[in-house]
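Undergrad: Right, I'll just put the structure down here and ask away after.
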Amino acid sequence: MMLRFSVPSMSCASCVAKIEGALHAAGGQGRVDLSRKVVRVKGLSVDAALAALSGAGYPGELIEKMARPVSDDGQHFRKRLWQAAVGLGLGIPLMLWGLLGGEMMVNDATRLGWGLVGTVTALVMLLTGSHFYVGLWRSLKAKSATMDTLIALGTGTAWLYSMVLVLVPAAFPEGSRHVYFEASVMILGLINLGHALEARARGKTSEALDKLLGLKTDKALRLENGIERWVKVEDIALNDLIRVRPGDRIALDGKVIEGESLLDESMLSGEPLPVAKTAGESVFAGTVNGNGSLVIKVTAVADDSRLSKIIALVEEAQTSKLPIGRLTDAISAVFVPVVVAIAIIAAMIWYFVGPEPALSHAMVVLTTVLIIACPCALGLATPMSIMVGVGRAASMGVLVKNGEALERASKVTTVVLDKTGTLTLGKPEVRKALWLNGDETQVKQVIASLERHSSHPLSGALAALSDAPSLSVSDFQNLPGEGLAAQVATADGTQQWHIGNPRLMVRLGLGTALEALEPTFAEFARDALTPVVVAKEGELVALLGIGDPLRPDAQTAMARLKAQGKRLVLLSGDNQHTAEAVGRAVGIDEVIAGVMPDEKHQHIARLKATGAVVAMVGDGINDAPALAEADVGIAMGTGTDVAIESASLTLLAPRLEALADAFALSRATLGNIRQNLFGAFIYNVLGIPVAAGLLYPAFGMLLSPVLAGAAMAASSVTVVTNANRLKSKALKD
């Protein structure tokens, strides 16, 4: 069972690594959503998970099963903003004092004043930075180190150095009696400002998930012995009856028992047009009822509803890791101790080898390295982009199972498509008809009456020819492999009728009559239509062509995939002629037909063996092995649950153009991740040496700790802002 915990104290990539490591050591598995401060845990009890989190220095709180994770980004933004204002309110005047020629050295004239400033600074630091110092204490107890360690050590060292200098100035060389109180509060002010801006931007990254969560309702109108009563959805069981009033949002999946209405399913399927629902049809939680009143029988409890599964998939995908993200975790696990070591070594070099005032220089270097190296940007680089990418995919009607699927989708070279239910609607219908003899309306009524007695896969299409009442049928015979025969009572009397394939008509002695229809048969074959011949009393009366209509956007979608450089393959169990006809119609040149269900995955394996990165698109149970075998399995949302479970991506709406959108979005997301990681790595690779004094020989100056704090805050905001660009980025084929 998956447990969710709110862990508000985690703040960086090092936190993620330590939490996941602690849960793994306890015998479980953990996935950290740093942006939402949520940890998902498998394989541990609640108490064991809480103990592991606390032991790592990150106390958590269980999020109840039905509860929606409460985002505190707004509150966090406001709190960090006023803390930034207080810190900068003291730090800016102190910094301006020094820049405009004010005395920053401790001497007999300034000692008392700087003592008062140091006291006020300490109070401001506790007011605006207590969360960093508490985090330091917590990490020390857990024998670990985090971003809080670097910030607390950096600002604390600057303040402690300055305060000891004020108390015992004689213990320091005269040239090193420079105070850094302004650096401590300015750093905290700038970092808090960065965290405030990050919280605001971070709130936007989870909008897609928040919208899905907002579709949930917590109450429903249950019918009990004719009495309607509002109850919590978690108290509703399978087969309970609930009333859905006009305009209400449907609370649980179910089947309509009574009433009819139009439902807005756009929030789940992406389809803008309302869908008509009558008795016997399925409805889904989160959709909105139109102007009719419905009674539905519950077919899935709250946690098993389609909406809940979609939310769970999106949450899991947003917290999943890419291989490149795991690399950053490995780096982050040792990053903070290494930075502390670098800061100490650099400070010692400046103290023992550097120019005077050596102690002041060592102090500046120590503080600056600790502050500039905070791994916030590194920790946010991958998860922020994944969160936005997966969220945008969900808003486009594409469910992404995990981050790895997103990465693999960006590399796909070959797209294999099933025919029935994928390229076609999977609903055969009479596409063409040639009426030869008799009254057309009566012939349609007879065909419909006969086919209502049949269980053949094409019988539904023929039964739909007429909605007139069924005629009296007797002596009904099912002729395997040929068709059917029966006596039908019409206004002209009782007559013998036959409906079936040309082979049946030849057996009945109508072969010569069929020869005259060869052009029509050829036309049907070209259009991938199955011929059905109707005879009455030994005379041909109709020739019908039944076909499975293509999805409206099939041709456009295939053209877009070709424009992306994808190799397209049609893999079908149908005959070669029909499969090739469908391939021609949609623009697929490579067709593999006559494939048995248990052979599809073998064809996928052969394609992969040639070096192709293969995506398989299907909808049926027979497609599940091939979907699992493919590098990226893509299921049609209208397909079976088995197919959807086997797939990496699911198209919620039956819109094939979403395929091209998904591939384009995957490439854009991976590009965004690379941009973020490049920026984060370059920031640290360049920032640490500069903070350690690399530029001093050339320019005679050290980087200010205040500028280091500003740079660190800016790096995190830049990563989050860049990730949010994915929400509006134009997707190019």
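Naming works like this for the structure tokens: A, B, ... for the chains as they're shown, residue 1 at the start of each chain, ligands 1 onward in shown order.
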Would you mind writing down, as an NGL selection string, each residue of segment 377-538 of chain A that DSSP on the backbone assigns to helix (DSSP H, G or I)?

TA: :A and (377-395 or 403-409 or 419-423 or 440-451 or 459-463 or 502-507 or 511-515 or 518-526)

Undergrad: Output as a list in words all residues of segment 617-680 of chain A that backbone DSSP marks as strand (DSSP E or B).

TA: Val617, Gly618, Val632, Gly633, Ile634, Ala635, Met636, Leu649, Thr650 and Leu651 of chain A

Undergrad: Filtering to all heavy atoms, could you give me those residues as a PDB file, in the first residue's frame?

TA:
ATOM      1  N   VAL A 617       1.363   1.299 -30.177  1.00  0.00           N
ATOM      2  CA  VAL A 617       0.076   1.921 -29.849  1.00  0.00           C
ATOM      3  C   VAL A 617      -1.017   0.887 -30.050  1.00  0.00           C
ATOM      4  O   VAL A 617      -1.162   0.339 -31.159  1.00  0.00           O
ATOM      5  CB  VAL A 617      -0.200   3.151 -30.739  1.00  0.00           C
ATOM      6  CG1 VAL A 617      -1.423   3.905 -30.220  1.00  0.00           C
ATOM      7  CG2 VAL A 617       1.010   4.065 -30.803  1.00  0.00           C
ATOM      8  N   GLY A 618      -1.767   0.573 -28.987  1.00  0.00           N
ATOM      9  CA  GLY A 618      -2.826  -0.426 -29.092  1.00  0.00           C
ATOM     10  C   GLY A 618      -3.910  -0.187 -28.078  1.00  0.00           C
ATOM     11  O   GLY A 618      -3.834   0.739 -27.259  1.00  0.00           O
ATOM     12  N   VAL A 632       8.289   2.035 -25.481  1.00  0.00           N
ATOM     13  CA  VAL A 632       7.221   2.898 -24.973  1.00  0.00           C
ATOM     14  C   VAL A 632       5.887   2.302 -25.416  1.00  0.00           C
ATOM     15  O   VAL A 632       5.601   2.245 -26.615  1.00  0.00           O
ATOM     16  CB  VAL A 632       7.338   4.346 -25.507  1.00  0.00           C
ATOM     17  CG1 VAL A 632       6.212   5.203 -24.949  1.00  0.00           C
ATOM     18  CG2 VAL A 632       8.692   4.938 -25.152  1.00  0.00           C
ATOM     19  N   GLY A 633       5.097   1.814 -24.464  1.00  0.00           N
ATOM     20  CA  GLY A 633       3.762   1.307 -24.771  1.00  0.00           C
ATOM     21  C   GLY A 633       2.751   2.424 -24.614  1.00  0.00           C
ATOM     22  O   GLY A 633       2.737   3.119 -23.596  1.00  0.00           O
ATOM     23  N   ILE A 634       1.907   2.612 -25.632  1.00  0.00           N
ATOM     24  CA  ILE A 634       0.915   3.693 -25.604  1.00  0.00           C
ATOM     25  C   ILE A 634      -0.465   3.080 -25.798  1.00  0.00           C
ATOM     26  O   ILE A 634      -0.733   2.462 -26.830  1.00  0.00           O
ATOM     27  CB  ILE A 634       1.198   4.742 -26.702  1.00  0.00           C
ATOM     28  CG1 ILE A 634       2.622   5.283 -26.567  1.00  0.00           C
ATOM     29  CG2 ILE A 634       0.180   5.872 -26.637  1.00  0.00           C
ATOM     30  CD1 ILE A 634       3.031   6.229 -27.682  1.00  0.00           C
ATOM     31  N   ALA A 635      -1.332   3.236 -24.800  1.00  0.00           N
ATOM     32  CA  ALA A 635      -2.665   2.647 -24.849  1.00  0.00           C
ATOM     33  C   ALA A 635      -3.706   3.710 -25.149  1.00  0.00           C
ATOM     34  O   ALA A 635      -3.601   4.850 -24.679  1.00  0.00           O
ATOM     35  CB  ALA A 635      -2.994   1.954 -23.526  1.00  0.00           C
ATOM     36  N   MET A 636      -4.701   3.336 -25.939  1.00  0.00           N
ATOM     37  CA  MET A 636      -5.854   4.200 -26.144  1.00  0.00           C
ATOM     38  C   MET A 636      -6.709   4.140 -24.878  1.00  0.00           C
ATOM     39  O   MET A 636      -6.991   3.054 -24.368  1.00  0.00           O
ATOM     40  CB  MET A 636      -6.674   3.741 -27.349  1.00  0.00           C
ATOM     41  CG  MET A 636      -5.887   3.635 -28.652  1.00  0.00           C
ATOM     42  SD  MET A 636      -5.215   5.217 -29.209  1.00  0.00           S
ATOM     43  CE  MET A 636      -6.724   6.066 -29.696  1.00  0.00           C
ATOM     44  N   LEU A 649       2.308   5.171 -21.572  1.00  0.00           N
ATOM     45  CA  LEU A 649       1.508   6.376 -21.800  1.00  0.00           C
ATOM     46  C   LEU A 649       0.090   5.940 -22.148  1.00  0.00           C
ATOM     47  O   LEU A 649      -0.104   4.883 -22.768  1.00  0.00           O
ATOM     48  CB  LEU A 649       2.059   7.214 -22.962  1.00  0.00           C
ATOM     49  CG  LEU A 649       3.204   8.202 -22.713  1.00  0.00           C
ATOM     50  CD1 LEU A 649       4.482   7.465 -22.342  1.00  0.00           C
ATOM     51  CD2 LEU A 649       3.454   9.049 -23.960  1.00  0.00           C
ATOM     52  N   THR A 650      -0.899   6.729 -21.763  1.00  0.00           N
ATOM     53  CA  THR A 650      -2.289   6.451 -22.102  1.00  0.00           C
ATOM     54  C   THR A 650      -2.912   7.701 -22.705  1.00  0.00           C
ATOM     55  O   THR A 650      -2.809   8.792 -22.136  1.00  0.00           O
ATOM     56  CB  THR A 650      -3.094   6.027 -20.856  1.00  0.00           C
ATOM     57  OG1 THR A 650      -2.504   4.867 -20.283  1.00  0.00           O
ATOM     58  CG2 THR A 650      -4.537   5.732 -21.222  1.00  0.00           C
ATOM     59  N   LEU A 651      -3.554   7.545 -23.877  1.00  0.00           N
ATOM     60  CA  LEU A 651      -4.270   8.651 -24.503  1.00  0.00           C
ATOM     61  C   LEU A 651      -5.695   8.637 -23.968  1.00  0.00           C
ATOM     62  O   LEU A 651      -6.498   7.772 -24.336  1.00  0.00           O
ATOM     63  CB  LEU A 651      -4.268   8.506 -26.029  1.00  0.00           C
ATOM     64  CG  LEU A 651      -2.900   8.329 -26.711  1.00  0.00           C
ATOM     65  CD1 LEU A 651      -3.073   8.313 -28.226  1.00  0.00           C
ATOM     66  CD2 LEU A 651      -1.940   9.432 -26.298  1.00  0.00           C
TER      67      LEU A 651
END

Undergrad: Quick one: residues within 10 Å of segment 598-602 of chain A, only C-alpha atoms, excluding same-chain residues fewer than 3 positions away - as an NGL selection string?

TA: :A and (418 or 571-573 or 592 or 594-595 or 605-608 or 616 or 622-630)

Undergrad: Taking 3 positions as the minimum chain separation for residues in the same chain, which residues sit within 9 Å of Met95 of chain A when counting only C-alpha atoms? Answer as a list of chain:residue names.

TA: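 The residues that qualify are A:Leu90, A:Gly91, A:Ile92, A:Gly98, A:Leu99, A:Leu100, A:Glu182, A:Ala183, A:Met186.
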
Undergrad: Taking only residues of segment 370-419 of chain A that have an atom at most 9 Å from an atom of segment 712-725 of chain A, what is each one's shortest atom pair and its distance in Å to one decimal, using only C-alpha atoms, in chain and number order, as JSON lines?

TA:
{"residue": "A:Ile371", "atom": "CA", "partner": "A:Met712", "partner_atom": "CA", "distance": 7.2}
{"residue": "A:Ile372", "atom": "CA", "partner": "A:Met712", "partner_atom": "CA", "distance": 5.4}
{"residue": "A:Ala373", "atom": "CA", "partner": "A:Met712", "partner_atom": "CA", "distance": 7.3}
{"residue": "A:Cys374", "atom": "CA", "partner": "A:Met712", "partner_atom": "CA", "distance": 6.7}
{"residue": "A:Pro375", "atom": "CA", "partner": "A:Met712", "partner_atom": "CA", "distance": 8.6}
{"residue": "A:Cys376", "atom": "CA", "partner": "A:Ser716", "partner_atom": "CA", "distance": 5.9}
{"residue": "A:Ala377", "atom": "CA", "partner": "A:Ser716", "partner_atom": "CA", "distance": 4.5}
{"residue": "A:Leu378", "atom": "CA", "partner": "A:Ser716", "partner_atom": "CA", "distance": 8.3}
{"residue": "A:Leu380", "atom": "CA", "partner": "A:Val719", "partner_atom": "CA", "distance": 6.9}
{"residue": "A:Ala381", "atom": "CA", "partner": "A:Val719", "partner_atom": "CA", "distance": 6.0}
{"residue": "A:Thr382", "atom": "CA", "partner": "A:Ala723", "partner_atom": "CA", "distance": 8.9}
{"residue": "A:Met384", "atom": "CA", "partner": "A:Ala723", "partner_atom": "CA", "distance": 5.9}
{"residue": "A:Ser385", "atom": "CA", "partner": "A:Ala723", "partner_atom": "CA", "distance": 4.8}
{"residue": "A:Ile386", "atom": "CA", "partner": "A:Ala723", "partner_atom": "CA", "distance": 8.4}
{"residue": "A:Met387", "atom": "CA", "partner": "A:Ala723", "partner_atom": "CA", "distance": 8.6}
{"residue": "A:Val388", "atom": "CA", "partner": "A:Asn724", "partner_atom": "CA", "distance": 6.5}
{"residue": "A:Gly389", "atom": "CA", "partner": "A:Ala723", "partner_atom": "CA", "distance": 8.4}

Undergrad: Enter the distance from atom CA of Pro93 of chain A to atom CA of Leu193 of chain A, in Å, rounded to one decimal.

TA: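 Value for the atom CA of Pro93 of chain A-atom CA of Leu193 of chain A distance: 17.2 Å.
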
Undergrad: Just the residues within 12 Å of segment 496-500 of chain A, please, counting only C-alpha atoms, with nothing from its chain fewer than 3 positions along; format it as a PyMOL selection string.

TA: chain A and resi 443-444+446-451+454+456+458-459+462+473-490+492-493+503-508+510+530-546

Undergrad: What is the atom CA of Val120 of chain A to atom CA of Ala343 of chain A distance in Å?

TA: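 Computing it gives 27.4 Å between the two atoms.
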